[in-house]
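Below: target.cif (mmCIF, C-alpha atoms)
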```
data_final
#
loop_
_atom_site.group_PDB
_atom_site.id
_atom_site.type_symbol
_atom_site.label_atom_id
_atom_site.label_comp_id
_atom_site.auth_asym_id
_atom_site.auth_seq_id
_atom_site.Cartn_x
_atom_site.Cartn_y
_atom_site.Cartn_z
ATOM 1 C CA MET Q 1 20.748 -3.383 6.268
ATOM 2 C CA LEU Q 2 23.908 -2.369 4.418
ATOM 3 C CA LEU Q 3 23.704 1.265 5.505
ATOM 4 C CA SER Q 4 23.221 0.331 9.159
ATOM 5 C CA LYS Q 5 26.504 -1.602 9.139
ATOM 6 C CA LEU Q 6 28.616 1.112 7.494
ATOM 7 C CA PRO Q 7 30.497 3.934 9.272
ATOM 8 C CA ARG Q 8 28.168 6.900 9.703
ATOM 9 C CA ALA Q 9 30.012 9.268 7.333
ATOM 10 C CA LEU Q 10 30.129 6.653 4.579
ATOM 11 C CA ALA Q 11 26.472 5.711 5.127
ATOM 12 C CA ASP Q 12 25.369 9.364 4.952
ATOM 13 C CA ASP Q 13 27.319 9.855 1.728
ATOM 14 C CA LEU Q 14 25.818 6.708 0.228
ATOM 15 C CA ARG Q 15 22.283 7.808 1.154
ATOM 16 C CA ARG Q 16 22.833 11.017 -0.816
ATOM 17 C CA ARG Q 17 24.136 9.128 -3.828
ATOM 18 C CA LEU Q 18 21.588 6.294 -4.001
ATOM 19 C CA PRO Q 19 18.672 8.315 -5.440
ATOM 20 C CA GLN Q 20 20.936 9.321 -8.351
ATOM 21 C CA ILE Q 21 21.640 5.687 -9.321
ATOM 22 C CA SER Q 22 18.395 4.429 -10.838
ATOM 23 C CA ALA Q 23 19.666 0.852 -11.259
ATOM 24 C CA VAL Q 24 20.233 0.582 -7.497
ATOM 25 C CA GLY Q 25 17.629 2.916 -6.033
ATOM 26 C CA PRO Q 26 14.917 3.190 -8.707
ATOM 27 C CA ALA Q 27 12.189 5.788 -8.371
ATOM 28 C CA ASP Q 28 9.532 3.441 -9.775
ATOM 29 C CA ALA Q 29 8.605 0.086 -8.268
ATOM 30 C CA LYS Q 30 7.713 -2.222 -11.148
ATOM 31 C CA VAL Q 31 6.779 -5.721 -10.028
ATOM 32 C CA LEU Q 32 6.286 -8.729 -12.272
ATOM 33 C CA GLY Q 33 2.842 -10.180 -11.717
ATOM 34 C CA ARG Q 34 1.265 -13.311 -13.104
ATOM 35 C CA ALA Q 35 0.789 -11.854 -16.590
ATOM 36 C CA TYR Q 36 2.494 -8.451 -16.780
ATOM 37 C CA TYR Q 37 4.631 -5.910 -14.957
ATOM 38 C CA LYS Q 38 2.696 -3.617 -12.624
ATOM 39 C CA GLN Q 39 3.961 -0.348 -11.204
ATOM 40 C CA VAL Q 40 3.026 -0.054 -7.545
ATOM 41 C CA ASP Q 41 3.253 2.998 -5.299
ATOM 42 C CA VAL Q 42 4.452 1.249 -2.137
ATOM 43 C CA CYS Q 43 6.577 -1.893 -2.119
ATOM 44 C CA ILE Q 44 8.258 -3.670 0.799
ATOM 45 C CA SER Q 45 10.502 -6.473 -0.373
ATOM 46 C CA ARG Q 46 13.666 -8.341 0.611
ATOM 47 C CA TRP Q 47 15.795 -10.687 -1.450
ATOM 48 C CA ASP Q 48 15.207 -13.572 0.989
ATOM 49 C CA ARG Q 49 11.444 -13.084 1.362
ATOM 50 C CA GLY Q 50 10.401 -11.438 -1.886
ATOM 51 C CA PRO Q 51 7.580 -8.853 -2.048
ATOM 52 C CA GLU Q 52 5.699 -8.736 1.250
ATOM 53 C CA LEU Q 53 3.550 -5.640 0.812
ATOM 54 C CA LEU Q 54 2.351 -4.033 -2.426
ATOM 55 C CA ILE Q 55 0.048 -1.010 -2.556
ATOM 56 C CA SER Q 56 -1.471 0.640 -5.612
ATOM 57 C CA THR Q 57 -3.166 4.027 -5.370
ATOM 58 C CA LYS Q 58 -5.528 5.860 -7.699
ATOM 59 C CA ALA Q 59 -6.988 9.359 -7.549
ATOM 60 C CA GLN Q 60 -10.207 10.700 -9.063
ATOM 61 C CA LEU Q 61 -10.841 14.427 -8.830
ATOM 62 C CA SER Q 62 -13.674 14.921 -11.349
ATOM 63 C CA SER Q 63 -15.980 13.126 -13.812
ATOM 64 C CA PHE Q 64 -16.643 10.601 -11.069
ATOM 65 C CA GLY Q 65 -19.440 8.503 -12.529
ATOM 66 C CA LYS Q 66 -18.023 8.532 -16.046
ATOM 67 C CA ASN Q 67 -14.611 7.074 -15.118
ATOM 68 C CA LEU Q 68 -15.574 4.803 -12.227
ATOM 69 C CA PRO Q 69 -16.224 1.613 -14.286
ATOM 70 C CA ASN Q 70 -12.753 1.879 -15.846
ATOM 71 C CA ARG Q 71 -11.146 2.262 -12.422
ATOM 72 C CA PHE Q 72 -12.985 -0.825 -11.178
ATOM 73 C CA GLU Q 73 -11.959 -2.946 -14.156
ATOM 74 C CA GLU Q 74 -8.307 -1.878 -13.990
ATOM 75 C CA ALA Q 75 -8.060 -2.421 -10.246
ATOM 76 C CA TYR Q 76 -9.623 -5.886 -10.339
ATOM 77 C CA GLY Q 77 -7.282 -7.019 -13.095
ATOM 78 C CA ASP Q 78 -4.240 -5.701 -11.242
ATOM 79 C CA ALA Q 79 -5.246 -7.556 -8.078
ATOM 80 C CA ALA Q 80 -5.473 -10.873 -9.912
ATOM 81 C CA ASN Q 81 -2.177 -10.191 -11.674
ATOM 82 C CA LEU Q 82 -0.226 -9.490 -8.467
ATOM 83 C CA ARG Q 83 -1.818 -12.070 -6.206
ATOM 84 C CA GLY Q 84 -1.423 -14.716 -8.876
ATOM 85 C CA ARG Q 85 2.365 -14.510 -8.460
ATOM 86 C CA TYR Q 86 2.541 -13.458 -4.803
ATOM 87 C CA PRO Q 87 -0.337 -15.206 -3.011
ATOM 88 C CA LEU Q 88 1.113 -14.556 0.461
ATOM 89 C CA ALA Q 89 1.916 -10.870 -0.041
ATOM 90 C CA ALA Q 90 -0.345 -8.156 1.346
ATOM 91 C CA VAL Q 91 -1.729 -6.523 -1.812
ATOM 92 C CA GLY Q 92 -3.696 -3.331 -1.267
ATOM 93 C CA PHE Q 93 -5.638 -0.767 -3.267
ATOM 94 C CA PHE Q 94 -6.217 2.738 -1.902
ATOM 95 C CA PHE Q 95 -8.524 5.166 -3.690
ATOM 96 C CA VAL Q 96 -8.604 8.956 -3.256
ATOM 97 C CA GLN Q 97 -11.524 11.067 -4.440
ATOM 98 C CA ARG Q 98 -12.253 14.744 -4.155
ATOM 99 C CA ALA Q 99 -14.935 15.357 -1.554
ATOM 100 C CA THR Q 100 -16.995 17.373 -4.035
ATOM 101 C CA ILE Q 101 -18.396 14.028 -5.190
ATOM 102 C CA LEU Q 102 -20.715 14.067 -2.159
ATOM 103 C CA ALA Q 103 -22.615 17.125 -3.429
ATOM 104 C CA GLU Q 104 -22.069 16.823 -7.176
ATOM 105 C CA GLU Q 105 -22.539 13.094 -7.784
ATOM 106 C CA PRO Q 106 -23.836 11.303 -4.664
ATOM 107 C CA ASP Q 107 -24.866 8.304 -6.746
ATOM 108 C CA ALA Q 108 -21.280 7.917 -7.981
ATOM 109 C CA TYR Q 109 -20.082 8.054 -4.385
ATOM 110 C CA GLU Q 110 -22.388 5.182 -3.401
ATOM 111 C CA ARG Q 111 -21.031 3.170 -6.325
ATOM 112 C CA THR Q 112 -17.502 4.002 -5.218
ATOM 113 C CA VAL Q 113 -18.140 2.640 -1.732
ATOM 114 C CA ASP Q 114 -19.601 -0.518 -3.254
ATOM 115 C CA MET Q 115 -16.619 -0.864 -5.607
ATOM 116 C CA ILE Q 116 -14.075 -0.525 -2.800
ATOM 117 C CA ARG Q 117 -15.818 -3.275 -0.832
ATOM 118 C CA LYS Q 118 -16.149 -5.603 -3.817
ATOM 119 C CA LEU Q 119 -12.461 -5.341 -4.714
ATOM 120 C CA ARG Q 120 -11.527 -7.239 -1.566
ATOM 121 C CA GLY Q 121 -10.524 -10.869 -1.761
ATOM 122 C CA LEU Q 122 -12.988 -12.270 0.778
ATOM 123 C CA GLY Q 123 -11.073 -15.541 0.689
ATOM 124 C CA GLU Q 124 -10.614 -15.533 -3.074
ATOM 125 C CA ALA Q 125 -7.252 -15.280 -4.813
ATOM 126 C CA ASN Q 126 -8.299 -12.504 -7.187
ATOM 127 C CA GLY Q 127 -9.229 -9.696 -4.792
ATOM 128 C CA TYR Q 128 -7.095 -7.354 -2.724
ATOM 129 C CA THR Q 129 -5.993 -8.112 0.806
ATOM 130 C CA ALA Q 130 -7.286 -4.675 1.811
ATOM 131 C CA THR Q 131 -8.944 -1.709 0.136
ATOM 132 C CA GLY Q 132 -9.469 1.813 1.389
ATOM 133 C CA LEU Q 133 -10.955 5.181 0.473
ATOM 134 C CA ALA Q 134 -10.161 8.769 1.416
ATOM 135 C CA LEU Q 135 -12.027 11.942 0.500
ATOM 136 C CA VAL Q 136 -9.950 15.100 0.163
ATOM 137 C CA ASP Q 137 -10.700 18.689 -0.700
ATOM 138 C CA TRP Q 138 -8.773 21.936 -0.818
ATOM 139 C CA THR Q 139 -9.162 25.674 -0.947
ATOM 140 C CA THR Q 140 -6.946 28.119 -2.790
ATOM 141 C CA ASP Q 141 -8.082 31.360 -1.139
ATOM 142 C CA SER Q 142 -5.806 31.016 1.877
ATOM 143 C CA PRO Q 143 -2.907 33.498 2.195
ATOM 144 C CA ASP Q 144 -0.668 30.499 2.889
ATOM 145 C CA GLY Q 145 -1.596 28.830 -0.397
ATOM 146 C CA ALA Q 146 -3.713 25.742 -0.975
ATOM 147 C CA VAL Q 147 -5.033 24.086 2.171
ATOM 148 C CA VAL Q 148 -5.855 20.379 1.849
ATOM 149 C CA LYS Q 149 -8.356 18.711 4.154
ATOM 150 C CA VAL Q 150 -9.030 14.979 4.512
ATOM 151 C CA ASP Q 151 -12.711 14.234 5.226
ATOM 152 C CA THR Q 152 -12.853 11.082 7.347
ATOM 153 C CA ASP Q 153 -16.420 11.479 8.616
ATOM 154 C CA ALA Q 154 -18.175 10.661 5.331
ATOM 155 C CA VAL Q 155 -16.214 7.458 4.691
ATOM 156 C CA PRO Q 156 -17.614 4.276 6.314
ATOM 157 C CA PRO Q 157 -15.155 2.858 8.887
ATOM 158 C CA ASP Q 158 -14.905 -0.511 7.103
ATOM 159 C CA ILE Q 159 -13.248 1.159 4.091
ATOM 160 C CA GLY Q 160 -11.466 4.032 5.863
ATOM 161 C CA PRO Q 161 -7.691 4.609 5.983
ATOM 162 C CA ALA Q 162 -7.240 3.221 9.514
ATOM 163 C CA GLN Q 163 -8.620 -0.240 8.758
ATOM 164 C CA PHE Q 164 -6.669 -0.340 5.490
ATOM 165 C CA LEU Q 165 -3.313 0.148 7.180
ATOM 166 C CA ALA Q 166 -4.167 -2.201 10.029
ATOM 167 C CA THR Q 167 -5.269 -4.997 7.687
ATOM 168 C CA MET Q 168 -2.135 -4.724 5.548
ATOM 169 C CA VAL Q 169 0.220 -4.836 8.536
ATOM 170 C CA GLU Q 170 -1.666 -7.663 10.244
ATOM 171 C CA HIS Q 171 -1.598 -9.756 7.056
ATOM 172 C CA VAL Q 172 2.182 -9.410 6.674
ATOM 173 C CA LEU Q 173 2.675 -10.489 10.292
ATOM 174 C CA ALA Q 174 0.207 -13.375 9.988
ATOM 175 C CA VAL Q 175 2.003 -15.027 7.064
ATOM 176 C CA THR Q 176 5.549 -14.689 8.426
ATOM 177 C CA PRO Q 177 7.167 -16.485 11.390
ATOM 178 C CA VAL Q 178 7.440 -14.608 14.677
ATOM 179 C CA VAL Q 179 11.206 -14.193 14.157
ATOM 180 C CA HIS Q 180 10.499 -11.712 11.345
ATOM 181 C CA HIS Q 181 9.299 -8.129 11.885
ATOM 182 C CA VAL Q 182 9.877 -8.446 15.632
ATOM 183 C CA ALA Q 183 9.955 -4.676 16.218
ATOM 184 C CA VAL Q 184 6.634 -4.219 14.391
ATOM 185 C CA ARG Q 185 5.025 -7.036 16.376
ATOM 186 C CA SER Q 186 6.260 -5.545 19.636
ATOM 187 C CA ARG Q 187 4.787 -2.137 18.817
ATOM 188 C CA LEU Q 188 1.498 -3.598 17.658
ATOM 189 C CA GLU Q 189 1.108 -5.808 20.743
ATOM 190 C CA ARG Q 190 2.559 -3.144 23.083
ATOM 191 C CA ARG Q 191 4.984 -5.585 24.673
ATOM 192 C CA GLY Q 192 8.525 -6.772 24.257
ATOM 193 C CA ILE Q 193 8.613 -10.025 22.271
ATOM 194 C CA PRO Q 194 11.542 -12.128 23.570
ATOM 195 C CA VAL Q 195 12.875 -13.342 20.211
ATOM 196 C CA ALA Q 196 15.668 -11.973 18.049
ATOM 197 C CA GLU Q 197 15.069 -10.812 14.492
ATOM 198 C CA GLU Q 198 16.230 -13.609 12.217
ATOM 199 C CA GLU Q 199 18.640 -12.691 9.449
ATOM 200 C CA PRO Q 200 19.240 -14.837 6.331
ATOM 201 C CA ASP Q 201 22.795 -15.770 7.394
ATOM 202 C CA SER Q 202 21.883 -16.733 10.970
ATOM 203 C CA PRO Q 203 22.102 -20.380 12.113
ATOM 204 C CA GLU Q 204 18.343 -20.526 12.606
ATOM 205 C CA ALA Q 205 17.741 -19.482 8.991
ATOM 206 C CA GLY Q 206 19.698 -22.423 7.662
ATOM 207 C CA SER Q 207 18.328 -25.062 9.995
#
```
Rendering of file as structure tokens:
Amino acid sequence: MLLSKLPRALADDLRRRLPQISAVGPADAKVLGRAYYKQVDVCISRWDRGPELLISTKAQLSSFGKNLPNRFEEAYGDAANLRGRYPLAAVGFFFVQRATILAEEPDAYERTVDMIRKLRGLGEANGYTATGLALVDWTTDSPDGAVVKVDTDAVPPDIGPAQFLATMVEHVLAVTPVVHHVAVRSRLERRGIPVAEEEPDSPEAGS
């Protein structure tokens, strides 16, 4: 909001400087939950609304069955911690595994799918708003270097990336008045919504 109101040259200069000032533009998003600070990978927050969207990600590239119970326990505890302080925020967990799990440890993959589904809130305060899974693999024999491929066919649609993103966005819009996130609502509904985006210092905000 500040940058959009500054002269272009000053705004461009400030954009270059911000990443160097960790107190203003930190590289890590650490959010205080109900019991402890949690570092999240994606955070959307404003001073007048607080955290609206929080996403944690984890990756597992080997030893799938051995480490899966620890991932489940950690993720469930983090969900309760964050949602305990921010019950209206969209809190998500996205898991990435190497696709070799399908051939090497198919039983661990089935447990992964079950874990991703069970981490959801389902109306409870302790689970995530949305969870998702992606399978990735790569080759290193290409002349252009490593080539990464995302396998979407093996992942059930109810835990795939598309539903994860849709659920997170829809939750944020559902718990905020229509005067917030107007541009996002317009794109999602494919129509112009005839209301202005409300800012904290507008007359409507203080009424």
Check which residues of region 36-153 of chain Q sit at most 10 Å from region 173-183 of chain Q using all atoms listed in the file, and return one row each with the closest pair of atoms and their distance in Å to one decimal, ordered by chain and rising number, as JSON lines.
```
{"residue": "Q:Arg49", "atom": "CA", "partner": "Q:Thr176", "partner_atom": "CA", "distance": 9.3}
{"residue": "Q:Glu52", "atom": "CA", "partner": "Q:Thr176", "partner_atom": "CA", "distance": 9.3}
{"residue": "Q:Leu88", "atom": "CA", "partner": "Q:Val175", "partner_atom": "CA", "distance": 6.7}
{"residue": "Q:Ala89", "atom": "CA", "partner": "Q:Val175", "partner_atom": "CA", "distance": 8.2}
{"residue": "Q:Ala90", "atom": "CA", "partner": "Q:Val175", "partner_atom": "CA", "distance": 9.2}
```
| request: Find the spatial neighbours of Lys118 (chain Q), counting all atoms listed in the file, within a cut-off of 10 Å - ignore same-chain residues fewer than 4 positions away - and output them as a ChimeraX atom specification. | output: /Q:72,76,112-114,122,127-128,131
| To one decimal place, how far is CA of Ser186 (chain Q) from CA of Thr152 (chain Q) in Å? |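 Pair CA of Ser186 (chain Q) / CA of Thr152 (chain Q) returns 28.2 Å.
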| said: I'd like to know which of Q:Asp141, Q:Asp28, Q:Asp107, Q:Asp41 is closest to Phe64 (chain Q), using all atoms listed in the file. | reply: Q:Asp107
| said: One number please: CA of Leu3 (chain Q) to CA of Ala166 (chain Q), in Å, one decimal. | reply: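 About the pair CA of Leu3 (chain Q) and CA of Ala166 (chain Q): they are 28.4 Å apart.
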| One-decimal distance in Å that lies between CA of Ala162 (chain Q) and CA of Arg34 (chain Q) |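 According to the coordinates, CA of Arg34 (chain Q) and CA of Ala162 (chain Q) are separated by 29.3 Å.
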| request: Decode the PyMOL selection byres ((chain Q and resi 149) around 7) for the given file into explicit residues and return them as a ChimeraX atom specification. | output: /Q:136-138,147-148,150-151
Print the selection's residues with C-alpha atoms to a file, as a compact mmCIF listing (two decimals), in the frame of the given file.
```txt
# COMPACT_ATOMS: atom_id res chain seq x y z
CA VAL Q 136 -9.95 15.10 0.16
CA ASP Q 137 -10.70 18.69 -0.70
CA TRP Q 138 -8.77 21.94 -0.82
CA VAL Q 147 -5.03 24.09 2.17
CA VAL Q 148 -5.86 20.38 1.85
CA VAL Q 150 -9.03 14.98 4.51
CA ASP Q 151 -12.71 14.23 5.23
```
Pull out every residue that the PyMOL selection byres ((chain Q and resi 50) around 12) matches in the shown coordinates and put them as a compact mmCIF listing (two decimals) with C-alpha atoms, keeping the file's coordinate frame.
```
# COMPACT_ATOMS: atom_id res chain seq x y z
CA VAL Q 31 6.78 -5.72 -10.03
CA LEU Q 32 6.29 -8.73 -12.27
CA CYS Q 43 6.58 -1.89 -2.12
CA ILE Q 44 8.26 -3.67 0.80
CA SER Q 45 10.50 -6.47 -0.37
CA ARG Q 46 13.67 -8.34 0.61
CA TRP Q 47 15.80 -10.69 -1.45
CA ASP Q 48 15.21 -13.57 0.99
CA ARG Q 49 11.44 -13.08 1.36
CA PRO Q 51 7.58 -8.85 -2.05
CA GLU Q 52 5.70 -8.74 1.25
CA LEU Q 53 3.55 -5.64 0.81
CA LEU Q 54 2.35 -4.03 -2.43
CA ARG Q 85 2.37 -14.51 -8.46
CA TYR Q 86 2.54 -13.46 -4.80
CA PRO Q 87 -0.34 -15.21 -3.01
CA LEU Q 88 1.11 -14.56 0.46
CA ALA Q 89 1.92 -10.87 -0.04
CA ALA Q 90 -0.34 -8.16 1.35
CA THR Q 176 5.55 -14.69 8.43
```
Could I get the residues of region 17-74 of chain Q with an atom no further than 7 Å from an atom of region 97-106 of chain Q, each paired with its nearest atom pair and that distance in Å to one decimal, using all atoms listed in the file, sorted by chain and residue number, as JSON lines?
```
{"residue": "Q:Ala59", "atom": "CA", "partner": "Q:Gln97", "partner_atom": "CA", "distance": 5.8}
{"residue": "Q:Gln60", "atom": "CA", "partner": "Q:Gln97", "partner_atom": "CA", "distance": 4.8}
{"residue": "Q:Leu61", "atom": "CA", "partner": "Q:Arg98", "partner_atom": "CA", "distance": 4.9}
```
| Among listed residues Q:Asp158, Q:Asp153, Q:Glu189, Q:Asp78, nearest Arg117 (chain Q) (using only C-alpha atoms) | Q:Asp158
